[in-house]
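K.L.:
What follows is my_file.csv, CSV, C-alpha atoms.
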chain,number,residue,atom,x,y,z
D,6,GLN,CA,16.5,-6.1,-10.2
D,7,VAL,CA,14.0,-5.1,-7.6
D,8,GLN,CA,10.5,-4.4,-9.0
D,9,LEU,CA,7.3,-3.3,-7.2
D,10,VAL,CA,4.2,-3.0,-9.4
D,11,GLU,CA,1.0,-1.7,-8.0
D,12,SER,CA,-2.4,-2.2,-9.4
D,13,GLY,CA,-6.0,-1.9,-8.5
D,14,GLY,CA,-6.5,1.8,-8.2
D,15,GLY,CA,-9.4,3.7,-9.8
D,16,LEU,CA,-12.4,5.9,-9.3
D,17,VAL,CA,-14.8,4.9,-6.5
D,18,GLN,CA,-17.7,6.6,-4.8
D,19,PRO,CA,-17.6,7.6,-1.1
D,20,GLY,CA,-18.3,4.5,1.0
D,21,GLY,CA,-17.0,2.2,-1.7
D,22,SER,CA,-14.1,-0.3,-1.6
D,23,LEU,CA,-11.0,-1.1,-3.5
D,24,GLN,CA,-8.3,-3.6,-3.2
D,25,LEU,CA,-4.7,-2.6,-4.2
D,26,SER,CA,-2.1,-5.2,-5.1
D,27,CYS,CA,1.7,-4.9,-5.3
D,28,ALA,CA,3.6,-7.6,-7.2
D,29,ALA,CA,7.2,-7.8,-6.0
D,30,SER,CA,10.2,-9.4,-7.6
D,31,GLY,CA,14.0,-9.2,-7.4
D,32,PHE,CA,14.3,-9.8,-3.7
D,33,THR,CA,13.3,-12.4,-1.1
D,34,PHE,CA,9.8,-11.1,-0.5
D,35,SER,CA,9.0,-13.5,2.3
D,36,ILE,CA,11.7,-12.2,4.7
D,37,LYS,CA,11.0,-8.4,4.3
D,38,SER,CA,8.4,-6.2,6.0
D,39,MET,CA,6.4,-4.3,3.5
D,40,ARG,CA,4.6,-0.9,3.6
D,41,TRP,CA,1.9,1.0,1.8
D,42,TYR,CA,2.3,4.8,1.5
D,43,ARG,CA,0.1,7.4,-0.1
D,44,GLN,CA,0.7,10.9,-1.4
D,45,THR,CA,-1.3,13.8,-2.6
D,46,PRO,CA,0.1,16.8,-4.6
D,47,GLY,CA,2.0,19.2,-2.4
D,48,LYS,CA,2.1,16.9,0.6
D,49,GLU,CA,4.7,14.5,2.0
D,50,ARG,CA,4.3,10.8,1.4
D,51,GLU,CA,2.3,9.3,4.3
D,52,LEU,CA,2.7,5.8,5.8
D,53,VAL,CA,-0.6,4.1,5.6
D,54,ALA,CA,0.1,0.6,6.8
D,55,GLN,CA,2.9,-1.9,7.3
D,56,ILE,CA,3.1,-5.6,7.7
D,57,SER,CA,5.8,-7.9,9.0
D,58,ALA,CA,7.5,-10.5,6.9
D,59,ASN,CA,5.3,-13.4,8.0
D,60,GLY,CA,2.1,-11.2,8.1
D,61,ALA,CA,1.6,-11.7,11.9
D,62,SER,CA,2.1,-8.0,12.8
D,63,THR,CA,0.4,-5.0,11.2
D,64,THR,CA,0.2,-1.4,12.0
D,65,TYR,CA,-2.0,1.4,10.5
D,66,ALA,CA,-2.2,5.2,10.4
D,67,ASP,CA,-4.9,6.4,12.6
D,68,SER,CA,-6.7,7.9,9.6
D,69,VAL,CA,-7.3,4.4,8.1
D,70,LYS,CA,-7.7,2.2,11.2
D,71,GLY,CA,-10.7,0.0,11.0
D,72,ARG,CA,-11.2,0.7,7.3
D,73,PHE,CA,-8.0,-0.6,5.6
D,74,THR,CA,-6.4,-4.0,5.9
D,75,ILE,CA,-2.9,-4.8,4.8
D,76,SER,CA,-2.1,-8.4,3.9
D,77,ARG,CA,0.4,-10.5,1.9
D,78,ASP,CA,0.7,-13.7,0.1
D,79,ASN,CA,4.3,-14.8,0.3
D,80,ALA,CA,3.7,-17.7,-2.1
D,81,LYS,CA,2.7,-15.2,-4.7
D,82,ASN,CA,5.1,-12.4,-3.7
D,83,THR,CA,2.2,-10.1,-3.5
D,84,LEU,CA,1.2,-7.4,-1.1
D,85,TYR,CA,-2.4,-6.2,-0.7
D,86,LEU,CA,-4.3,-3.3,0.7
D,87,GLN,CA,-8.1,-3.7,1.2
D,88,MET,CA,-9.7,-0.3,1.5
D,89,ASN,CA,-13.3,-0.1,2.7
D,90,ASN,CA,-15.6,2.8,3.5
D,91,LEU,CA,-13.5,5.1,1.4
D,92,THR,CA,-13.8,8.9,1.8
D,93,PRO,CA,-12.6,11.8,-0.4
D,94,GLU,CA,-9.7,12.2,2.0
D,95,ASP,CA,-8.4,8.9,0.9
D,96,THR,CA,-7.8,10.2,-2.6
D,97,ALA,CA,-4.1,9.9,-3.4
D,98,ALA,CA,-1.5,8.0,-5.3
D,99,TYR,CA,-0.7,4.8,-3.4
D,100,TYR,CA,2.8,3.2,-3.3
D,101,CYS,CA,4.2,0.0,-2.0
D,102,ASN,CA,7.6,0.1,-0.4
D,103,VAL,CA,10.3,-2.2,0.8
D,104,ALA,CA,13.5,-1.2,2.6
D,105,LEU,CA,16.5,-3.1,1.4
D,106,LEU,CA,19.9,-1.4,1.4
D,107,THR,CA,18.0,1.5,0.0
D,108,PRO,CA,14.2,2.0,-0.1
D,109,TYR,CA,12.4,0.8,-3.2
D,110,TRP,CA,9.1,2.2,-4.5
D,111,GLY,CA,6.6,1.1,-7.1
D,112,GLN,CA,5.3,3.5,-9.7
D,113,GLY,CA,2.1,4.1,-7.7
D,114,THR,CA,-1.6,3.6,-8.4
D,115,GLN,CA,-4.1,6.4,-8.3
D,116,VAL,CA,-7.1,6.2,-6.0
D,117,THR,CA,-9.8,8.8,-6.5
D,118,VAL,CA,-12.8,8.9,-4.2
D,119,SER,CA,-15.5,11.1,-5.6
D,120,SER,CA,-19.3,11.2,-6.2
In structure tokens, how does this file's structure come out?

P.N.:
Amino acid sequence: QVQLVESGGGLVQPGGSLQLSCAASGFTFSIKSMRWYRQTPGKERELVAQISANGASTTYADSVKGRFTISRDNAKNTLYLQMNNLTPEDTAAYYCNVALLTPYWGQGTQVTVSS
């Protein structure tokens, strides 16, 4: 079955960095676009970044452009999100996503940016 398992979240000070990972299984990872979303309590899930199947094309939310980088390793079936210069506004649960016949989500990983 399809599984997406995020890791790498944690507590970081403003200005710090984190790298999130999403290990994928149960589908042909190398042919699917992938996405990172984030969500804070009481708000809708927000698309943060997406990447094409071969990694050649990426797009970002305006709020993270120039600070976050989405990437993938198709040999390892793993999606990444490098987050630099983090601010308290980046505090959220982060989820990876793939759209198959239905959308699939991981369990999420919490990122907290606080001094």

K.L.:
Name the closest residue to Phe32 of chain D among the candidates D:Gly14, D:Val7, D:Gln55, D:Pro93; distances are taken between atoms, counting all atoms listed in the file.

P.N.:
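With all atoms listed in the file as the atom set, the closest residue is D:Val7.
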
K.L.:
Just want the 9 Å neighbourhood of Gln8 of chain D, counted on only C-alpha atoms, with same-chain residues fewer than 4 positions away dropped. Output as a list in words.

P.N.:
Ala28, Ala29, Ser30, Gly31, Phe32, Tyr109, Trp110 and Gly111 of chain D

K.L.:
Save the residues we just selected, C-alpha atoms, as an mmCIF file, keeping the file's coordinate frame?

P.N.:
data_model
loop_
_atom_site.group_PDB
_atom_site.id
_atom_site.type_symbol
_atom_site.label_atom_id
_atom_site.label_comp_id
_atom_site.auth_asym_id
_atom_site.auth_seq_id
_atom_site.Cartn_x
_atom_site.Cartn_y
_atom_site.Cartn_z
ATOM 1 C CA ALA D 28 3.600 -7.600 -7.200
ATOM 2 C CA ALA D 29 7.200 -7.800 -6.000
ATOM 3 C CA SER D 30 10.200 -9.400 -7.600
ATOM 4 C CA GLY D 31 14.000 -9.200 -7.400
ATOM 5 C CA PHE D 32 14.300 -9.800 -3.700
ATOM 6 C CA TYR D 109 12.400 0.800 -3.200
ATOM 7 C CA TRP D 110 9.100 2.200 -4.500
ATOM 8 C CA GLY D 111 6.600 1.100 -7.100
#

K.L.:
Select, counting only C-alpha atoms, all protein, DNA and RNA residues no farther than 9 Å from (2.3, -13.4, 0.2) in file coordinates, and express the selection as a list in words.

P.N.:
Phe34, Ser35, Ala58, Asn59, Gly60, Ser76, Arg77, Asp78, Asn79, Ala80, Lys81, Asn82, Thr83, Leu84 and Tyr85 of chain D

K.L.:
Would you list the contacts of Arg43 of chain D as a ChimeraX atom specification, taking every protein, DNA or RNA residue within 9 Å and counting all atoms listed in the file, but skipping same-chain residues closer than 6 positions in sequence?

P.N.:
/D:49-53,95-101,113

K.L.:
Looking at D:Val103, D:Ser12, D:Thr33, D:Gly71, which one is nearest to Ile56 of chain D, with distances taken over all atoms listed in the file?

P.N.:
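Nearest to Ile56 of chain D: D:Val103.
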
K.L.:
My list of candidates is D:Ile75, D:Met88, D:Met39, D:Val116. Which is closest to Gly15 of chain D when distances are computed with all atoms listed in the file?

P.N.:
D:Val116

K.L.:
Just how far from atom CA of Thr92 of chain D is atom CA of Pro108 of chain D, in Å to one decimal?

P.N.:
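Separation of atom CA of Pro108 of chain D and atom CA of Thr92 of chain D: 28.9 Å.
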
K.L.:
Taking all atoms listed in the file into account, which of D:Ala104, D:Thr117, D:Gln24, D:Tyr65 comes nearest Ile36 of chain D?

P.N.:
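Of all the options, D:Ala104 lies closest to Ile36 of chain D.
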
K.L.:
Could you tell me how far atom CA of Pro46 of chain D lies from atom CA of Ala66 of chain D, in Å and to one decimal?

P.N.:
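Calculated distance between atom CA of Pro46 of chain D and atom CA of Ala66 of chain D is 19.1 Å.
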
K.L.:
In Å, with one decimal, what is the gap from atom CA of Val10 of chain D to atom CA of Leu25 of chain D?

P.N.:
10.3 Å
